[in-house]
file coords.csv (CSV, C-alpha atoms)
chain,number,residue,atom,x,y,z
E,1424,MET,CA,-10.1,9.7,27.1
E,1425,MET,CA,-8.7,12.8,25.5
E,1426,ILE,CA,-7.8,12.7,21.8
E,1427,HIS,CA,-5.4,15.3,20.3
E,1428,SER,CA,-4.9,16.4,16.7
E,1429,LEU,CA,-1.2,16.3,15.7
E,1430,ASP,CA,0.6,19.0,13.9
E,1431,LEU,CA,1.7,18.4,10.3
E,1432,PRO,CA,4.4,17.4,10.2
E,1433,PRO,CA,4.4,16.0,13.8
E,1434,SER,CA,7.2,16.6,16.2
E,1435,ALA,CA,10.0,14.1,16.8
E,1436,ALA,CA,8.4,13.1,20.1
E,1437,ALA,CA,5.1,12.5,18.4
E,1438,ILE,CA,6.8,10.3,15.8
E,1439,ASP,CA,8.5,8.3,18.6
E,1440,ALA,CA,5.2,7.8,20.4
E,1441,TRP,CA,3.5,6.7,17.2
E,1442,LEU,CA,6.2,4.2,16.5
E,1443,ALA,CA,5.9,2.8,20.1
E,1444,VAL,CA,2.1,2.2,19.6
E,1445,LEU,CA,2.7,0.4,16.3
E,1446,THR,CA,5.5,-1.7,17.8
E,1447,ASP,CA,3.5,-2.8,20.8
E,1448,ALA,CA,0.5,-3.6,18.7
E,1449,GLY,CA,2.5,-5.5,16.1
E,1450,ALA,CA,4.2,-7.6,18.8
E,1451,ALA,CA,0.8,-8.7,20.1
E,1452,ASP,CA,-1.1,-9.0,16.9
E,1453,LEU,CA,1.5,-10.0,14.2
E,1454,PRO,CA,4.5,-11.3,16.1
E,1455,GLN,CA,6.0,-12.9,13.1
E,1456,GLN,CA,5.9,-9.7,11.0
E,1457,PRO,CA,8.8,-7.2,11.2
E,1458,VAL,CA,7.8,-3.9,12.8
E,1459,PRO,CA,8.2,-0.7,10.7
E,1460,SER,CA,11.4,1.3,11.2
E,1461,ARG,CA,11.4,4.8,12.5
E,1462,ARG,CA,12.5,6.0,9.1
E,1463,GLU,CA,9.4,4.4,7.5
E,1464,VAL,CA,7.0,5.8,10.1
E,1465,ALA,CA,8.5,9.3,10.0
E,1466,GLY,CA,8.3,9.3,6.2
E,1467,ARG,CA,4.6,8.4,6.2
E,1468,LEU,CA,3.8,10.9,8.9
E,1469,CYS,CA,5.8,13.9,7.6
E,1470,VAL,CA,5.3,13.6,3.8
E,1471,ARG,CA,1.7,13.9,2.7
E,1472,PRO,CA,0.3,11.5,0.1
E,1473,ALA,CA,-0.1,12.5,-3.5
E,1474,ARG,CA,-3.8,12.0,-3.5
E,1475,GLY,CA,-5.1,13.6,-0.4
E,1476,ARG,CA,-4.8,15.5,2.9
E,1477,PRO,CA,-3.8,13.6,6.0
E,1478,VAL,CA,-5.3,14.2,9.4
E,1479,LEU,CA,-3.5,12.6,12.5
E,1480,TRP,CA,-4.7,12.0,16.1
E,1481,ALA,CA,-3.2,10.5,19.2
E,1482,ALA,CA,-4.7,9.5,22.5
E,1483,ASP,CA,-3.4,10.6,25.9
E,1484,GLY,CA,-0.4,8.8,27.2
E,1485,GLY,CA,0.4,7.1,23.9
E,1486,ALA,CA,-2.6,4.8,24.2
E,1487,GLY,CA,-3.5,4.8,20.5
E,1488,VAL,CA,-3.2,6.6,17.2
E,1489,ALA,CA,-5.2,7.2,14.0
E,1490,ALA,CA,-4.4,8.6,10.6
E,1491,LEU,CA,-7.0,9.5,7.9
E,1492,VAL,CA,-6.4,10.5,4.3
E,1493,LEU,CA,-9.1,12.7,2.8
E,1494,PHE,CA,-8.8,12.2,-1.0
E,1495,ASP,CA,-8.8,15.4,-3.0
E,1496,ASP,CA,-8.4,13.9,-6.5
E,1497,GLU,CA,-11.3,14.3,-9.0
E,1498,GLY,CA,-13.9,11.6,-8.5
E,1499,ASN,CA,-12.9,10.7,-4.9
E,1500,THR,CA,-13.8,13.8,-2.8
E,1501,HIS,CA,-16.8,11.9,-1.4
E,1502,THR,CA,-14.7,9.2,0.3
E,1503,ALA,CA,-11.5,8.7,2.3
E,1504,PHE,CA,-9.1,6.1,3.6
E,1505,LEU,CA,-8.4,5.2,7.2
E,1506,ASP,CA,-4.7,4.4,7.1
E,1507,VAL,CA,-4.2,3.7,10.8
E,1508,LEU,CA,-6.4,3.2,13.8
E,1509,THR,CA,-4.3,1.3,16.4
E,1510,VAL,CA,-4.5,0.9,20.1
E,1511,ARG,CA,-1.8,-0.5,22.4
E,1512,PRO,CA,-2.8,-4.0,23.6
E,1513,GLN,CA,-2.7,-3.0,27.3
E,1514,GLU,CA,-5.1,-0.1,26.6
E,1515,ARG,CA,-7.8,-2.1,24.7
E,1516,ARG,CA,-11.3,-2.5,26.0
E,1517,ARG,CA,-11.1,0.9,27.6
E,1518,GLY,CA,-12.8,3.0,25.0
E,1519,VAL,CA,-9.6,4.3,23.3
E,1520,GLY,CA,-10.4,2.9,19.9
E,1521,THR,CA,-14.0,4.2,20.1
E,1522,ALA,CA,-12.8,7.7,21.1
E,1523,LEU,CA,-10.4,7.7,18.1
E,1524,TRP,CA,-13.1,6.5,15.7
E,1525,GLU,CA,-15.4,9.3,16.9
E,1526,ARG,CA,-12.8,11.9,16.0
E,1527,VAL,CA,-12.3,10.3,12.6
E,1528,ARG,CA,-16.1,10.2,12.0
E,1529,GLU,CA,-16.5,13.8,13.0
E,1530,GLU,CA,-13.8,14.8,10.6
E,1531,LEU,CA,-15.4,12.8,7.8
E,1532,LEU,CA,-18.8,14.3,8.3
E,1533,ALA,CA,-17.4,17.8,8.6
E,1534,GLN,CA,-15.6,17.3,5.2
E,1535,GLY,CA,-18.8,16.0,3.6
E,1536,ARG,CA,-17.5,12.4,3.1
E,1537,THR,CA,-20.1,9.7,2.6
E,1538,SER,CA,-17.8,6.7,3.1
E,1539,VAL,CA,-14.5,5.6,4.3
E,1540,ALA,CA,-12.4,2.4,3.7
E,1541,THR,CA,-9.6,0.7,5.5
E,1542,LEU,CA,-7.4,-2.4,5.1
E,1543,VAL,CA,-8.1,-5.0,7.8
E,1544,ASP,CA,-6.4,-8.3,8.7
E,1545,LEU,CA,-9.0,-11.0,9.3
E,1546,GLY,CA,-9.2,-13.0,12.5
E,1547,GLY,CA,-7.8,-10.4,14.8
E,1548,PRO,CA,-8.9,-7.5,16.9
E,1549,GLY,CA,-9.0,-5.2,13.9
E,1550,GLN,CA,-11.8,-7.1,12.2
E,1551,GLU,CA,-13.8,-7.4,15.4
E,1552,PHE,CA,-13.6,-3.7,16.0
E,1553,ALA,CA,-14.3,-2.7,12.4
E,1554,GLN,CA,-17.4,-4.9,12.2
E,1555,SER,CA,-18.6,-3.5,15.6
E,1556,LEU,CA,-18.7,-0.1,14.0
E,1557,GLY,CA,-20.6,-1.2,10.9
E,1558,PHE,CA,-17.7,-1.7,8.4
E,1559,GLU,CA,-18.2,-4.5,5.8
E,1560,ASN,CA,-15.7,-6.4,3.8
E,1561,VAL,CA,-16.2,-5.2,0.2
E,1562,LEU,CA,-13.0,-6.6,-1.3
E,1563,PRO,CA,-11.7,-9.9,0.2
E,1564,MET,CA,-8.0,-10.5,-0.3
E,1565,ALA,CA,-4.9,-12.0,1.3
E,1566,TRP,CA,-1.3,-11.2,1.9
E,1567,TYR,CA,1.2,-13.1,-0.1
E,1568,ALA,CA,4.9,-13.4,0.8
E,1569,GLN,CA,8.0,-14.4,-1.1
E,1570,GLU,CA,11.3,-15.3,0.6
E,1571,LEU,CA,14.3,-14.3,-1.5
E,1572,PRO,CA,17.2,-16.8,-1.7
E,1573,ALA,CA,20.5,-15.8,-0.1
E,1574,ASP,CA,22.3,-16.0,-3.4
E,1575,GLY,CA,19.7,-13.9,-5.2
E,1576,ALA,CA,19.5,-16.5,-8.0
E,1577,ALA,CA,16.4,-16.3,-10.2
E,1578,GLN,CA,15.8,-17.6,-13.7
E,1579,VAL,CA,14.1,-14.9,-15.8
E,1580,PRO,CA,12.2,-16.4,-18.8
E,1581,ALA,CA,12.9,-15.1,-22.3
E,1582,THR,CA,10.4,-12.5,-23.6
E,1583,PRO,CA,10.5,-12.6,-27.4
E,1584,GLY,CA,9.4,-9.3,-28.9
E,1585,TYR,CA,9.8,-7.5,-25.6
E,1586,GLU,CA,12.7,-5.9,-23.8
E,1587,LEU,CA,12.9,-5.8,-20.0
E,1588,LEU,CA,14.0,-2.4,-18.6
E,1589,THR,CA,14.7,-1.5,-15.0
E,1590,TRP,CA,14.2,2.0,-13.6
E,1591,ARG,CA,15.1,3.1,-10.1
E,1592,GLY,CA,13.3,6.1,-8.7
E,1593,LEU,CA,11.2,8.1,-11.1
E,1594,VAL,CA,10.3,6.5,-14.4
E,1595,PRO,CA,12.5,8.3,-17.0
E,1596,ASP,CA,10.7,11.2,-18.7
E,1597,ALA,CA,10.9,9.5,-22.1
E,1598,TRP,CA,9.0,6.5,-20.8
E,1599,ALA,CA,6.6,8.3,-18.4
E,1600,PRO,CA,3.7,8.8,-20.9
E,1601,ALA,CA,3.8,5.1,-21.9
E,1602,ALA,CA,4.1,4.0,-18.3
E,1603,ALA,CA,1.1,6.1,-17.3
E,1604,ALA,CA,-0.9,4.6,-20.1
E,1605,ALA,CA,0.0,1.1,-18.8
E,1606,HIS,CA,-1.3,2.1,-15.4
E,1607,GLU,CA,-4.7,2.7,-16.9
E,1608,ALA,CA,-4.9,-1.0,-17.4
E,1609,MET,CA,-5.5,-1.3,-13.6
E,1610,GLU,CA,-9.1,-0.3,-14.4
E,1611,ASP,CA,-10.0,-3.9,-14.9
E,1612,ALA,CA,-8.5,-5.1,-11.6
E,1613,PRO,CA,-11.1,-6.3,-9.1
E,1614,SER,CA,-12.3,-3.5,-6.8
E,1615,GLY,CA,-15.3,-5.1,-5.2
E,1616,GLU,CA,-17.8,-2.5,-4.0
E,1617,MET,CA,-15.3,0.1,-3.1
E,1618,ASP,CA,-16.4,3.7,-3.4
E,1619,GLU,CA,-12.9,4.8,-4.3
E,1620,ARG,CA,-12.2,5.3,-8.0
E,1621,THR,CA,-8.9,4.8,-9.8
E,1622,PRO,CA,-7.4,8.1,-10.8
E,1623,VAL,CA,-6.7,9.1,-14.3
E,1624,TRP,CA,-3.0,8.4,-14.9
E,1625,THR,CA,-0.8,10.9,-16.7
E,1626,ALA,CA,3.0,11.3,-16.8
E,1627,GLN,CA,2.8,14.1,-14.3
E,1628,TRP,CA,0.6,12.2,-11.9
E,1629,LEU,CA,2.8,9.1,-12.1
E,1630,HIS,CA,5.8,11.1,-11.2
E,1631,ALA,CA,4.0,12.8,-8.3
E,1632,VAL,CA,3.0,9.5,-6.8
E,1633,GLN,CA,6.5,8.1,-7.2
E,1634,GLN,CA,8.1,11.2,-5.7
E,1635,VAL,CA,6.2,10.7,-2.5
E,1636,ILE,CA,7.8,7.3,-2.0
E,1637,ILE,CA,11.2,8.9,-2.5
E,1638,ASP,CA,10.5,11.9,-0.3
E,1639,ARG,CA,9.5,9.5,2.5
E,1640,GLY,CA,12.9,7.9,2.4
E,1641,GLY,CA,11.9,4.9,0.5
E,1642,GLU,CA,13.3,3.4,-2.7
E,1643,LEU,CA,11.2,2.5,-5.8
E,1644,ILE,CA,12.2,0.0,-8.5
E,1645,THR,CA,10.2,-0.5,-11.6
E,1646,VAL,CA,10.7,-3.3,-14.2
E,1647,ALA,CA,8.8,-2.9,-17.5
E,1648,ALA,CA,8.4,-5.0,-20.6
E,1649,VAL,CA,8.5,-2.6,-23.5
E,1650,THR,CA,8.0,-3.0,-27.3
E,1651,ASP,CA,10.0,-1.6,-30.2
E,1652,ALA,CA,7.1,0.8,-30.8
E,1653,GLY,CA,7.7,2.4,-27.4
E,1654,GLU,CA,4.8,0.8,-25.5
E,1655,VAL,CA,5.0,-0.4,-21.9
E,1656,ALA,CA,3.3,-3.7,-22.2
E,1657,ALA,CA,3.7,-4.8,-18.6
E,1658,TYR,CA,5.3,-3.5,-15.5
E,1659,THR,CA,5.8,-4.2,-11.8
E,1660,GLU,CA,6.8,-1.9,-8.9
E,1661,LEU,CA,8.7,-2.7,-5.8
E,1662,VAL,CA,8.9,-0.3,-2.8
E,1663,LEU,CA,11.4,-0.6,0.0
E,1664,PRO,CA,9.9,1.7,2.7
E,1665,ASP,CA,13.3,1.6,4.4
E,1666,PRO,CA,16.1,0.7,1.9
E,1667,SER,CA,18.3,-0.6,4.8
E,1668,GLY,CA,15.6,-3.0,6.0
E,1669,PRO,CA,14.9,-6.7,5.2
E,1670,ARG,CA,11.5,-6.2,3.7
E,1671,ALA,CA,9.8,-4.7,0.6
E,1672,LEU,CA,6.3,-4.3,-0.7
E,1673,GLN,CA,5.3,-5.3,-4.2
E,1674,TYR,CA,3.0,-2.6,-5.5
E,1675,ASP,CA,1.2,-2.8,-8.8
E,1676,THR,CA,1.8,-5.5,-11.4
E,1677,VAL,CA,0.0,-5.0,-14.6
E,1678,VAL,CA,0.0,-6.6,-18.0
E,1679,VAL,CA,-1.8,-4.4,-20.6
E,1680,PRO,CA,-4.7,-6.1,-22.5
E,1681,GLY,CA,-3.4,-7.2,-25.9
E,1682,HIS,CA,-0.1,-8.3,-24.4
E,1683,ARG,CA,-1.5,-11.0,-22.0
E,1684,GLY,CA,-0.8,-14.6,-22.5
E,1685,HIS,CA,3.0,-14.1,-23.2
E,1686,GLY,CA,4.2,-14.7,-19.6
E,1687,LEU,CA,5.1,-11.0,-19.1
E,1688,GLY,CA,3.7,-10.8,-15.6
E,1689,ARG,CA,5.9,-13.6,-14.5
E,1690,ALA,CA,8.9,-12.3,-16.3
E,1691,VAL,CA,8.8,-8.8,-14.8
E,1692,LYS,CA,8.3,-10.1,-11.3
E,1693,LEU,CA,11.2,-12.5,-11.6
E,1694,ARG,CA,13.5,-9.8,-13.0
E,1695,MET,CA,12.4,-7.6,-10.2
E,1696,ALA,CA,13.3,-10.2,-7.5
E,1697,ALA,CA,16.7,-10.6,-9.1
E,1698,GLU,CA,17.3,-6.9,-9.4
E,1699,ALA,CA,16.2,-6.2,-5.8
E,1700,ALA,CA,18.3,-9.1,-4.4
E,1701,ALA,CA,21.4,-7.8,-6.2
E,1702,ARG,CA,21.0,-4.2,-5.1
E,1703,HIS,CA,19.9,-5.0,-1.6
E,1704,PRO,CA,21.7,-8.1,-0.2
E,1705,GLU,CA,19.9,-7.7,3.1
E,1706,LEU,CA,16.5,-7.9,1.5
E,1707,ARG,CA,14.8,-11.2,2.4
E,1708,HIS,CA,11.0,-10.7,2.3
E,1709,ILE,CA,8.7,-9.3,-0.3
E,1710,ALA,CA,5.0,-9.0,0.6
E,1711,THR,CA,2.0,-8.0,-1.5
E,1712,THR,CA,-1.8,-8.1,-1.4
E,1713,VAL,CA,-4.0,-9.7,-4.1
E,1714,ALA,CA,-7.7,-9.7,-4.3
E,1715,ASP,CA,-9.3,-13.1,-4.1
E,1716,ALA,CA,-11.1,-12.4,-7.3
E,1717,ASN,CA,-7.9,-11.7,-9.2
E,1718,THR,CA,-7.3,-15.3,-10.1
E,1719,ARG,CA,-4.8,-14.4,-12.9
E,1720,MET,CA,-2.4,-12.6,-10.6
E,1721,ARG,CA,-2.8,-15.1,-7.9
E,1722,ALA,CA,-1.6,-17.8,-10.3
E,1723,VAL,CA,1.4,-15.7,-11.4
E,1724,ASN,CA,2.4,-15.1,-7.8
E,1725,GLU,CA,2.1,-18.8,-6.8
E,1726,SER,CA,4.2,-19.8,-9.9
E,1727,ILE,CA,7.2,-17.8,-8.7
E,1728,GLY,CA,7.1,-18.7,-5.1
E,1729,TYR,CA,4.7,-16.4,-3.3
E,1730,ARG,CA,2.8,-18.2,-0.6
E,1731,ARG,CA,-0.6,-17.1,0.8
E,1732,GLY,CA,-0.4,-15.8,4.3
E,1733,ARG,CA,-2.9,-14.0,6.5
E,1734,GLU,CA,-6.4,-13.2,5.2
E,1735,ALA,CA,-7.4,-9.5,4.8
E,1736,GLY,CA,-9.9,-7.3,3.2
E,1737,ILE,CA,-10.8,-3.8,2.3
E,1738,PHE,CA,-13.5,-2.8,4.8
E,1739,GLN,CA,-15.8,0.1,4.1
E,1740,ILE,CA,-18.6,1.9,5.9
E,1741,LYS,CA,-21.2,4.3,4.5
E,1742,LEU,CA,-21.7,7.4,6.7

call {"tool": "encode", "arguments": {"input": "coords.csv", "output": "structure tokens"}}
result
Amino acid sequence: MMIHSLDLPPSAAAIDAWLAVLTDAGAADLPQQPVPSRREVAGRLCVRPARGRPVLWAADGGAGVAALVLFDDEGNTHTAFLDVLTVRPQERRRGVGTALWERVREELLAQGRTSVATLVDLGGPGQEFAQSLGFENVLPMAWYAQELPADGAAQVPATPGYELLTWRGLVPDAWAPAAAAAHEAMEDAPSGEMDERTPVWTAQWLHAVQQVIIDRGGELITVAAVTDAGEVAAYTELVLPDPSGPRALQYDTVVVPGHRGHGLGRAVKLRMAAEAAARHPELRHIATTVADANTRMRAVNESIGYRRGREAGIFQIKL
């Protein structure tokens, strides 16, 4: 089985072939989940992430694809993230996945990486394959999904002492330092035994991460609870990888220590759902992952209508 490195950015034909692999695999493994659009796939393949250098491979005949992100931010140059390793159902059990993994592993070792992690859905071929290679589940989690009502109705609770602000795209410059400081509160989120470390958040770094989402053709909406003193006490982020599609991904939701216990997590999430439904009438599904150990956020999600779906985990292997 021949494995080829893809140019960056890949050609239109390579993007189409990549989408075909993901579509076939999704139909077999996750038939109830919507497949990514070409716009979403092209964005991820053509615009590099803020935190690292991507490396892409494809197997002969469109049998499978793999995407690796080599982190280059301070404190993470020893590790990496395997974003994709997918084989078409009809090509499985023929060594395609193993051949792709060998190329990934060679690149990791050549770049001096000592570990790599990936997100795996449990109970399917991905888990079986990852464990056969020696990956271990270092952060158990699950996918949670929320169905938005057709009328977009949502009762947002009052937040005495806090104002709820909505930002589309980049966080405004005036609020970026405070928003970056709020991101630092993610340090206490469960991370299991992951080698990857949370980057130091600055206003510039926050804008760089958000700009990638926009450059990939997506839309970013942030709802923040702010104080009269100019502090971001809580926030939540929603990303529509394809703004014309029916699904969105809930990114980070954080309540800063010292402001917890006031219902801010629930308030920003409900305001987000209302804003998203009003701006995107075709949006019907919001999905997110939450670590099993994050009992506080699980309770917030369940209180506003998120339902636990398929089990997942961050799987990691030491090289």

call {"tool": "closest_residue", "arguments": {"input": "coords.csv", "among": "E:Thr1676, E:Ala1435, E:Glu1698, E:Val1527", "to": "Thr1711 in chain E", "atoms": "only C-alpha atoms"}}
result
E:Thr1676

call {"tool": "residues_near_point", "arguments": {"input": "coords.csv", "point": "(-17.4, 1.8, 15.7)", "cutoff": "9 Å", "atoms": "all atoms listed in the file", "output": "list in words"}}
result
Gly1520, Thr1521, Trp1524, Glu1525, Phe1552, Ala1553, Gln1554, Ser1555, Leu1556, Gly1557 and Phe1558 of chain E

call {"tool": "residues_around", "arguments": {"input": "coords.csv", "residues": "Leu1531 in chain E", "least_positions_apart": "3", "cutoff": "10 Å", "atoms": "only C-alpha atoms", "output": "ChimeraX atom specification"}}
result
/E:1491-1493,1501-1503,1525-1528,1534-1539,1742

call {"tool": "residues_around", "arguments": {"input": "coords.csv", "residues": "range 1629-1641 of chain E", "least_positions_apart": "3", "cutoff": "7 Å", "atoms": "all atoms listed in the file", "output": "ChimeraX atom specification"}}
result
/E:1462,1466-1467,1470,1472-1473,1593,1603,1624-1626,1662-1666

call {"tool": "atom_distance", "arguments": {"input": "coords.csv", "atom1": "CA of Asn1724 in chain E", "atom2": "CA of Glu1619 in chain E"}}
result
25.3 Å

call {"tool": "atom_distance", "arguments": {"input": "coords.csv", "atom1": "CA of Val1464 in chain E", "atom2": "CA of Met1609 in chain E"}}
result
27.7 Å

call {"tool": "residues_around", "arguments": {"input": "coords.csv", "residues": "Arg1721 in chain E", "least_positions_apart": "4", "cutoff": "10 Å", "atoms": "all atoms listed in the file", "output": "list in words"}}
result
Ala1565, Tyr1567, Thr1712, Val1713, Ala1714, Asp1715, Ala1716, Asn1717, Glu1725, Ser1726, Tyr1729, Arg1730 and Arg1731 of chain E

call {"tool": "residues_around", "arguments": {"input": "coords.csv", "residues": "Leu1643 in chain E", "least_positions_apart": "6", "cutoff": "6 Å", "atoms": "only C-alpha atoms", "output": "VMD selection string"}}
result
chain E and resid 1591 to 1592 1661 to 1662

call {"tool": "atom_distance", "arguments": {"input": "coords.csv", "atom1": "CA of Gly1487 in chain E", "atom2": "CA of Asp1544 in chain E"}}
result
17.9 Å

call {"tool": "closest_residue", "arguments": {"input": "coords.csv", "among": "E:Pro1583, E:Gly1684, E:Gly1449, E:Pro1477", "to": "Thr1650 in chain E", "atoms": "all atoms listed in the file"}}
result
E:Pro1583

call {"tool": "residues_around", "arguments": {"input": "coords.csv", "residues": "Gly1546 in chain E", "least_positions_apart": "2", "cutoff": "12 Å", "atoms": "all atoms listed in the file", "output": "NGL selection string"}}
result
:E and (1452-1453 or 1543-1544 or 1548-1554 or 1733-1736)

call {"tool": "write_last_selection", "arguments": {"input": "coords.csv", "atoms": "C-alpha atoms", "output": "PDB file, in the frame of the given file"}}
result
ATOM      1  CA  ASP E1452      -1.100  -9.000  16.900  1.00  0.00           C
ATOM      2  CA  LEU E1453       1.500 -10.000  14.200  1.00  0.00           C
ATOM      3  CA  VAL E1543      -8.100  -5.000   7.800  1.00  0.00           C
ATOM      4  CA  ASP E1544      -6.400  -8.300   8.700  1.00  0.00           C
ATOM      5  CA  PRO E1548      -8.900  -7.500  16.900  1.00  0.00           C
ATOM      6  CA  GLY E1549      -9.000  -5.200  13.900  1.00  0.00           C
ATOM      7  CA  GLN E1550     -11.800  -7.100  12.200  1.00  0.00           C
ATOM      8  CA  GLU E1551     -13.800  -7.400  15.400  1.00  0.00           C
ATOM      9  CA  PHE E1552     -13.600  -3.700  16.000  1.00  0.00           C
ATOM     10  CA  ALA E1553     -14.300  -2.700  12.400  1.00  0.00           C
ATOM     11  CA  GLN E1554     -17.400  -4.900  12.200  1.00  0.00           C
ATOM     12  CA  ARG E1733      -2.900 -14.000   6.500  1.00  0.00           C
ATOM     13  CA  GLU E1734      -6.400 -13.200   5.200  1.00  0.00           C
ATOM     14  CA  ALA E1735      -7.400  -9.500   4.800  1.00  0.00           C
ATOM     15  CA  GLY E1736      -9.900  -7.300   3.200  1.00  0.00           C
TER      16      GLY E1736
END

call {"tool": "residues_near_point", "arguments": {"input": "coords.csv", "point": "(10.1, -3.7, -11.8)", "cutoff": "8 Å", "atoms": "all atoms listed in the file", "output": "VMD selection string"}}
result
chain E and resid 1588 to 1590 1644 to 1647 1658 to 1661 1691 to 1692 1694 to 1695

call {"tool": "closest_residue", "arguments": {"input": "coords.csv", "among": "E:Ala1465, E:Val1478, E:Ala1450, E:Ala1568", "to": "Arg1511 in chain E", "atoms": "all atoms listed in the file"}}
result
E:Ala1450

call {"tool": "decode", "arguments": {"input": "coords.csv", "residues": "range 1547-1559 of chain E", "atoms": "C-alpha atoms", "output": "mmCIF file, in the first residue's frame"}}
result
data_model
loop_
_atom_site.group_PDB
_atom_site.id
_atom_site.type_symbol
_atom_site.label_atom_id
_atom_site.label_comp_id
_atom_site.auth_asym_id
_atom_site.auth_seq_id
_atom_site.Cartn_x
_atom_site.Cartn_y
_atom_site.Cartn_z
ATOM 1 C CA GLY E 1547 -16.295 1.258 17.118
ATOM 2 C CA PRO E 1548 -13.443 0.393 14.777
ATOM 3 C CA GLY E 1549 -11.472 3.451 15.877
ATOM 4 C CA GLN E 1550 -11.158 2.236 19.449
ATOM 5 C CA GLU E 1551 -10.185 -1.274 18.383
ATOM 6 C CA PHE E 1552 -7.515 0.038 16.022
ATOM 7 C CA ALA E 1553 -6.111 2.581 18.495
ATOM 8 C CA GLN E 1554 -5.806 0.016 21.260
ATOM 9 C CA SER E 1555 -4.135 -2.459 18.903
ATOM 10 C CA LEU E 1556 -1.396 0.142 18.387
ATOM 11 C CA GLY E 1557 -0.936 0.727 22.109
ATOM 12 C CA PHE E 1558 -3.030 3.873 22.620
ATOM 13 C CA GLU E 1559 -4.656 4.242 26.049
#
